[in-house]
file run.txt (compact mmCIF, N, CA and C atoms)
# COMPACT_ATOMS: atom_id res chain seq x y z
N MET A 165 216.44 209.72 61.49
CA MET A 165 215.31 208.90 61.14
C MET A 165 214.22 209.17 62.18
N THR A 166 213.00 209.26 61.71
CA THR A 166 211.88 209.57 62.58
C THR A 166 211.37 208.29 63.23
N PRO A 167 210.68 208.43 64.34
CA PRO A 167 210.15 207.23 64.99
C PRO A 167 209.20 206.44 64.08
N LEU A 168 208.48 207.13 63.22
CA LEU A 168 207.56 206.42 62.32
C LEU A 168 208.33 205.59 61.30
N ALA A 169 209.44 206.07 60.84
CA ALA A 169 210.25 205.33 59.88
C ALA A 169 210.87 204.11 60.53
N VAL A 170 211.29 204.26 61.80
CA VAL A 170 211.84 203.10 62.53
C VAL A 170 210.75 202.04 62.71
N TRP A 171 209.56 202.48 63.02
CA TRP A 171 208.45 201.55 63.21
C TRP A 171 208.18 200.76 61.93
N TRP A 172 208.14 201.41 60.80
CA TRP A 172 207.87 200.72 59.54
C TRP A 172 209.03 199.83 59.13
N THR A 173 210.22 200.06 59.64
CA THR A 173 211.37 199.21 59.34
C THR A 173 211.37 197.97 60.21
N VAL A 174 210.94 198.08 61.48
CA VAL A 174 210.96 196.97 62.42
C VAL A 174 209.71 196.09 62.29
N LEU A 175 208.61 196.64 61.86
CA LEU A 175 207.34 195.92 61.79
C LEU A 175 207.40 194.65 60.95
N PRO A 176 208.00 194.63 59.79
CA PRO A 176 208.04 193.37 59.03
C PRO A 176 208.88 192.29 59.70
N LEU A 177 209.83 192.65 60.54
CA LEU A 177 210.63 191.64 61.23
C LEU A 177 209.83 190.93 62.32
N ALA A 178 208.81 191.57 62.86
CA ALA A 178 208.01 190.96 63.93
C ALA A 178 206.96 190.00 63.38
N ALA A 179 206.62 190.13 62.13
CA ALA A 179 205.60 189.26 61.55
C ALA A 179 206.18 187.88 61.28
N PRO A 180 205.38 186.84 61.40
CA PRO A 180 205.89 185.49 61.12
C PRO A 180 206.16 185.32 59.62
N PRO A 181 207.11 184.48 59.29
CA PRO A 181 207.42 184.28 57.87
C PRO A 181 206.23 183.62 57.16
N PRO A 182 206.04 183.90 55.92
CA PRO A 182 204.92 183.28 55.22
C PRO A 182 205.12 181.78 55.11
N GLY A 183 204.08 181.05 55.33
CA GLY A 183 204.19 179.60 55.32
C GLY A 183 203.28 179.01 54.26
N ALA A 184 202.87 177.81 54.51
CA ALA A 184 201.98 177.11 53.59
C ALA A 184 200.60 177.75 53.65
N PRO A 185 199.79 177.54 52.65
CA PRO A 185 198.44 178.11 52.68
C PRO A 185 197.64 177.57 53.85
N PRO A 186 196.69 178.36 54.35
CA PRO A 186 195.90 177.90 55.51
C PRO A 186 195.16 176.61 55.21
N GLY A 187 195.18 175.71 56.17
CA GLY A 187 194.46 174.45 56.04
C GLY A 187 195.31 173.31 55.52
N SER A 188 196.52 173.58 55.04
CA SER A 188 197.34 172.50 54.48
C SER A 188 198.02 171.68 55.57
N GLU A 189 198.08 172.20 56.81
CA GLU A 189 198.74 171.46 57.89
C GLU A 189 197.86 170.37 58.48
N ARG A 190 196.66 170.23 57.98
CA ARG A 190 195.73 169.25 58.54
C ARG A 190 196.05 167.84 58.08
N GLY A 191 196.62 167.63 56.97
CA GLY A 191 196.99 166.31 56.50
C GLY A 191 195.91 165.69 55.61
N GLU A 192 196.23 164.50 55.11
CA GLU A 192 195.33 163.82 54.17
C GLU A 192 194.08 163.27 54.85
N GLU A 193 194.20 162.85 56.09
CA GLU A 193 193.10 162.17 56.77
C GLU A 193 192.06 163.12 57.35
N PHE A 194 192.29 164.44 57.24
CA PHE A 194 191.36 165.40 57.83
C PHE A 194 190.01 165.36 57.13
N GLY A 195 188.93 165.24 57.92
CA GLY A 195 187.58 165.28 57.38
C GLY A 195 187.01 163.95 56.99
N LYS A 196 187.76 162.86 57.07
CA LYS A 196 187.25 161.56 56.65
C LYS A 196 186.39 160.90 57.72
N THR A 197 186.44 161.36 58.96
CA THR A 197 185.62 160.77 60.00
C THR A 197 184.25 161.43 60.09
N SER A 198 184.02 162.48 59.36
CA SER A 198 182.74 163.18 59.43
C SER A 198 181.55 162.30 59.08
N PRO A 199 181.59 161.47 58.03
CA PRO A 199 180.44 160.60 57.74
C PRO A 199 180.18 159.59 58.86
N ILE A 200 181.24 159.07 59.45
CA ILE A 200 181.07 158.11 60.54
C ILE A 200 180.45 158.80 61.75
N ALA A 201 180.90 160.00 62.05
CA ALA A 201 180.35 160.74 63.19
C ALA A 201 178.88 161.07 62.95
N LEU A 202 178.51 161.38 61.72
CA LEU A 202 177.11 161.66 61.40
C LEU A 202 176.25 160.43 61.64
N VAL A 203 176.73 159.26 61.23
CA VAL A 203 175.97 158.02 61.45
C VAL A 203 175.82 157.75 62.94
N VAL A 204 176.88 157.94 63.71
CA VAL A 204 176.80 157.71 65.17
C VAL A 204 175.81 158.67 65.81
N ILE A 205 175.83 159.93 65.42
CA ILE A 205 174.91 160.90 66.00
C ILE A 205 173.47 160.56 65.63
N LEU A 206 173.24 160.14 64.39
CA LEU A 206 171.88 159.75 63.98
C LEU A 206 171.40 158.51 64.75
N LEU A 207 172.29 157.55 64.97
CA LEU A 207 171.91 156.36 65.74
C LEU A 207 171.60 156.71 67.19
N LEU A 208 172.38 157.62 67.77
CA LEU A 208 172.10 158.06 69.15
C LEU A 208 170.75 158.77 69.23
N GLY A 209 170.43 159.59 68.23
CA GLY A 209 169.13 160.26 68.19
C GLY A 209 167.99 159.27 68.06
N LEU A 210 168.16 158.24 67.21
CA LEU A 210 167.12 157.22 67.04
C LEU A 210 166.93 156.43 68.33
N ALA A 211 168.03 156.06 68.98
CA ALA A 211 167.93 155.32 70.24
C ALA A 211 167.24 156.17 71.31
N THR A 212 167.54 157.45 71.37
CA THR A 212 166.88 158.33 72.34
C THR A 212 165.39 158.42 72.07
N ALA A 213 165.00 158.55 70.81
CA ALA A 213 163.58 158.62 70.46
C ALA A 213 162.86 157.34 70.85
N LEU A 214 163.47 156.19 70.60
CA LEU A 214 162.84 154.92 70.97
C LEU A 214 162.73 154.76 72.48
N LEU A 215 163.74 155.19 73.21
CA LEU A 215 163.68 155.10 74.68
C LEU A 215 162.60 156.02 75.25
N ILE A 216 162.45 157.20 74.69
CA ILE A 216 161.41 158.12 75.16
C ILE A 216 160.03 157.53 74.88
N ARG A 217 159.87 156.94 73.70
CA ARG A 217 158.58 156.32 73.35
C ARG A 217 158.24 155.17 74.29
N SER A 218 159.24 154.33 74.58
CA SER A 218 159.01 153.20 75.48
C SER A 218 158.70 153.68 76.90
N MET A 219 159.40 154.70 77.36
CA MET A 219 159.16 155.21 78.71
C MET A 219 157.77 155.82 78.82
N ASN A 220 157.30 156.50 77.78
CA ASN A 220 155.94 157.04 77.81
C ASN A 220 154.91 155.93 77.92
N LYS A 221 155.13 154.82 77.23
CA LYS A 221 154.20 153.68 77.33
C LYS A 221 154.19 153.13 78.75
N GLN A 222 155.37 153.03 79.37
CA GLN A 222 155.45 152.49 80.73
C GLN A 222 154.82 153.45 81.73
N LEU A 223 155.00 154.76 81.54
CA LEU A 223 154.45 155.72 82.49
C LEU A 223 152.93 155.80 82.41
N ARG A 224 152.35 155.44 81.29
CA ARG A 224 150.89 155.42 81.19
C ARG A 224 150.29 154.33 82.06
N LYS A 225 151.08 153.29 82.37
CA LYS A 225 150.59 152.18 83.20
C LYS A 225 150.63 152.51 84.69
N VAL A 226 151.34 153.54 85.08
CA VAL A 226 151.50 153.90 86.48
C VAL A 226 150.19 154.51 86.99
N PRO A 227 149.72 154.09 88.17
CA PRO A 227 148.49 154.68 88.71
C PRO A 227 148.71 156.14 89.07
N PRO A 228 147.65 156.93 89.09
CA PRO A 228 147.81 158.35 89.40
C PRO A 228 148.29 158.59 90.83
N SER A 229 147.99 157.67 91.74
CA SER A 229 148.40 157.85 93.13
C SER A 229 148.78 156.50 93.72
N PHE A 230 149.78 156.48 94.58
CA PHE A 230 150.19 155.26 95.25
C PHE A 230 149.62 155.17 96.67
N ASP A 231 148.73 156.08 97.02
CA ASP A 231 148.12 156.04 98.34
C ASP A 231 147.22 154.80 98.45
N PRO A 232 147.19 154.17 99.62
CA PRO A 232 146.31 153.00 99.77
C PRO A 232 144.85 153.44 99.69
N GLU A 233 144.05 152.57 99.11
CA GLU A 233 142.63 152.88 98.99
C GLU A 233 141.99 152.85 100.38
N PRO A 234 141.08 153.78 100.67
CA PRO A 234 140.43 153.77 101.98
C PRO A 234 139.55 152.53 102.12
N PRO A 235 139.48 151.98 103.31
CA PRO A 235 138.63 150.80 103.50
C PRO A 235 137.17 151.18 103.26
N GLU A 236 136.52 150.33 102.51
CA GLU A 236 135.10 150.58 102.22
C GLU A 236 134.27 150.21 103.43
N SER A 237 133.28 151.02 103.70
CA SER A 237 132.42 150.72 104.85
C SER A 237 131.53 149.54 104.51
N ARG A 238 131.46 148.61 105.43
CA ARG A 238 130.64 147.42 105.22
C ARG A 238 129.32 147.60 105.94
N GLU A 239 128.26 147.30 105.23
CA GLU A 239 126.93 147.38 105.85
C GLU A 239 126.55 146.01 106.37
N GLY A 240 125.93 145.98 107.52
CA GLY A 240 125.47 144.72 108.10
C GLY A 240 126.60 143.88 108.65
N ASP A 241 127.65 144.49 109.12
CA ASP A 241 128.78 143.75 109.66
C ASP A 241 128.72 143.74 111.19
N ASP A 242 127.54 143.42 111.73
CA ASP A 242 127.36 143.43 113.17
C ASP A 242 127.75 142.10 113.82
N GLY A 243 127.86 141.05 113.06
CA GLY A 243 128.13 139.72 113.60
C GLY A 243 129.60 139.53 113.91
N PRO A 244 129.96 138.34 114.38
CA PRO A 244 131.37 138.06 114.68
C PRO A 244 132.19 138.02 113.39
N ALA A 245 133.45 138.31 113.54
CA ALA A 245 134.35 138.35 112.39
C ALA A 245 134.61 136.95 111.87
N ASP A 246 134.67 136.81 110.58
CA ASP A 246 134.97 135.54 109.93
C ASP A 246 136.47 135.27 110.06
N PRO A 247 136.90 134.12 110.57
CA PRO A 247 138.34 133.87 110.74
C PRO A 247 139.07 133.74 109.41
N ASP A 248 138.37 133.42 108.34
CA ASP A 248 139.03 133.29 107.03
C ASP A 248 139.08 134.60 106.26
N ASP A 249 138.47 135.66 106.81
CA ASP A 249 138.43 136.95 106.13
C ASP A 249 139.79 137.63 106.27
N PRO A 250 140.49 137.93 105.14
CA PRO A 250 141.82 138.53 105.26
C PRO A 250 141.78 139.99 105.72
N VAL A 251 140.61 140.63 105.68
CA VAL A 251 140.51 142.03 106.09
C VAL A 251 140.11 142.14 107.55
N ALA A 252 139.70 141.05 108.14
CA ALA A 252 139.23 141.07 109.54
C ALA A 252 140.38 141.45 110.46
N PRO A 253 140.10 142.25 111.51
CA PRO A 253 141.16 142.62 112.44
C PRO A 253 141.64 141.40 113.22
N THR A 254 142.90 141.37 113.51
CA THR A 254 143.48 140.26 114.26
C THR A 254 143.81 140.74 115.67
N ALA A 255 144.14 139.82 116.51
CA ALA A 255 144.50 140.15 117.88
C ALA A 255 145.81 140.93 117.87
N PRO A 256 145.95 141.88 118.78
CA PRO A 256 147.20 142.65 118.79
C PRO A 256 148.38 141.75 119.12
N ARG A 257 149.50 141.99 118.48
CA ARG A 257 150.69 141.19 118.71
C ARG A 257 151.49 141.82 119.85
N THR A 258 152.09 141.02 120.63
CA THR A 258 152.92 141.53 121.71
C THR A 258 154.33 141.74 121.17
N ASP A 259 154.98 142.74 121.69
CA ASP A 259 156.33 143.04 121.26
C ASP A 259 157.30 142.20 122.07
N ARG A 260 158.05 141.34 121.38
CA ARG A 260 158.99 140.46 122.06
C ARG A 260 160.43 140.82 121.70
N THR A 261 160.68 142.04 121.34
CA THR A 261 162.03 142.41 120.96
C THR A 261 162.97 142.47 122.16
N ALA A 262 162.42 142.64 123.37
CA ALA A 262 163.27 142.73 124.56
C ALA A 262 163.70 141.34 125.04
N ASP A 263 162.98 140.28 124.65
CA ASP A 263 163.33 138.93 125.08
C ASP A 263 164.56 138.44 124.31
N PRO A 264 165.47 137.71 124.99
CA PRO A 264 166.59 137.13 124.29
C PRO A 264 166.10 136.00 123.36
N PRO A 265 166.85 135.67 122.33
CA PRO A 265 166.42 134.63 121.41
C PRO A 265 166.29 133.28 122.11
N GLY A 266 165.27 132.55 121.70
CA GLY A 266 165.06 131.21 122.26
C GLY A 266 164.25 131.18 123.54
N THR A 267 163.81 132.31 124.11
CA THR A 267 163.07 132.30 125.35
C THR A 267 161.57 132.46 125.12
N GLY A 268 161.14 132.55 123.87
CA GLY A 268 159.72 132.72 123.56
C GLY A 268 158.95 131.44 123.82
N SER A 269 157.63 131.58 123.94
CA SER A 269 156.80 130.39 124.17
C SER A 269 156.64 129.65 122.87
N SER A 270 156.59 128.31 122.98
CA SER A 270 156.42 127.51 121.78
C SER A 270 155.18 126.70 121.85
call {"tool": "encode", "arguments": {"input": "run.txt", "output": "C-alpha cells"}}
result
Amino acid sequence: MTPLAVWWTVLPLAAPPPGAPPGSERGEEFGKTSPIALVVILLLGLATALLIRSMNKQLRKVPPSFDPEPPESREGDDGPADPDDPVAPTAPRTDRTADPPGTGSS
C-alpha cells in the first residue's frame, strides 16, 4: 500500500462524526433577548444625547476666564480712604501663628 492510500484511509477517522445541523445547539431561548437589548441601547443613546445637550447649556454659562478682574483706576481718589469702602486697603495684619493659643490681646 502506498503512503497516499494510507493517508486516504486514515483521514476519515480523524474527522469528527457528523452531528446536528449548525446552530441547533443554541436552544429555544436563543435570540429572544435581542429586542430587549435594542431597547436598552436606544435608551442609553437617548440619555447620552440629553446629557450632552444639558452639559452644553451649562458650559455656555461659564465665563471665558476665571482670572480676577484688574482693579479699575479711580480718578480723584486723593482724599482719605472711606472706612465703609470694601475695596479700601486695610492695615496690615500681624502674623500670630507663633503665639500659643490664648496669649493674644483681647
call {"tool": "atom_distance", "arguments": {"input": "run.txt", "atom1": "atom C of Lys196 in chain A", "atom2": "atom N of Leu215 in chain A"}}
result
28.0 Å
call {"tool": "atom_distance", "arguments": {"input": "run.txt", "atom1": "CA of Pro232 in chain A", "atom2": "CA of Ser218 in chain A"}}
result
27.4 Å
call {"tool": "atom_distance", "arguments": {"input": "run.txt", "atom1": "CA of Leu214 in chain A", "atom2": "atom N of Leu202 in chain A"}}
result
19.3 Å
call {"tool": "axis_aligned_box", "arguments": {"input": "run.txt", "around": "range 224-231 of chain A", "padding_each_side": "6 Å", "output": "JSON"}}
result
{"center_x": 149.8, "center_y": 155.4, "center_z": 89.8, "size_x": 17.1, "size_y": 18.4, "size_z": 29.3}
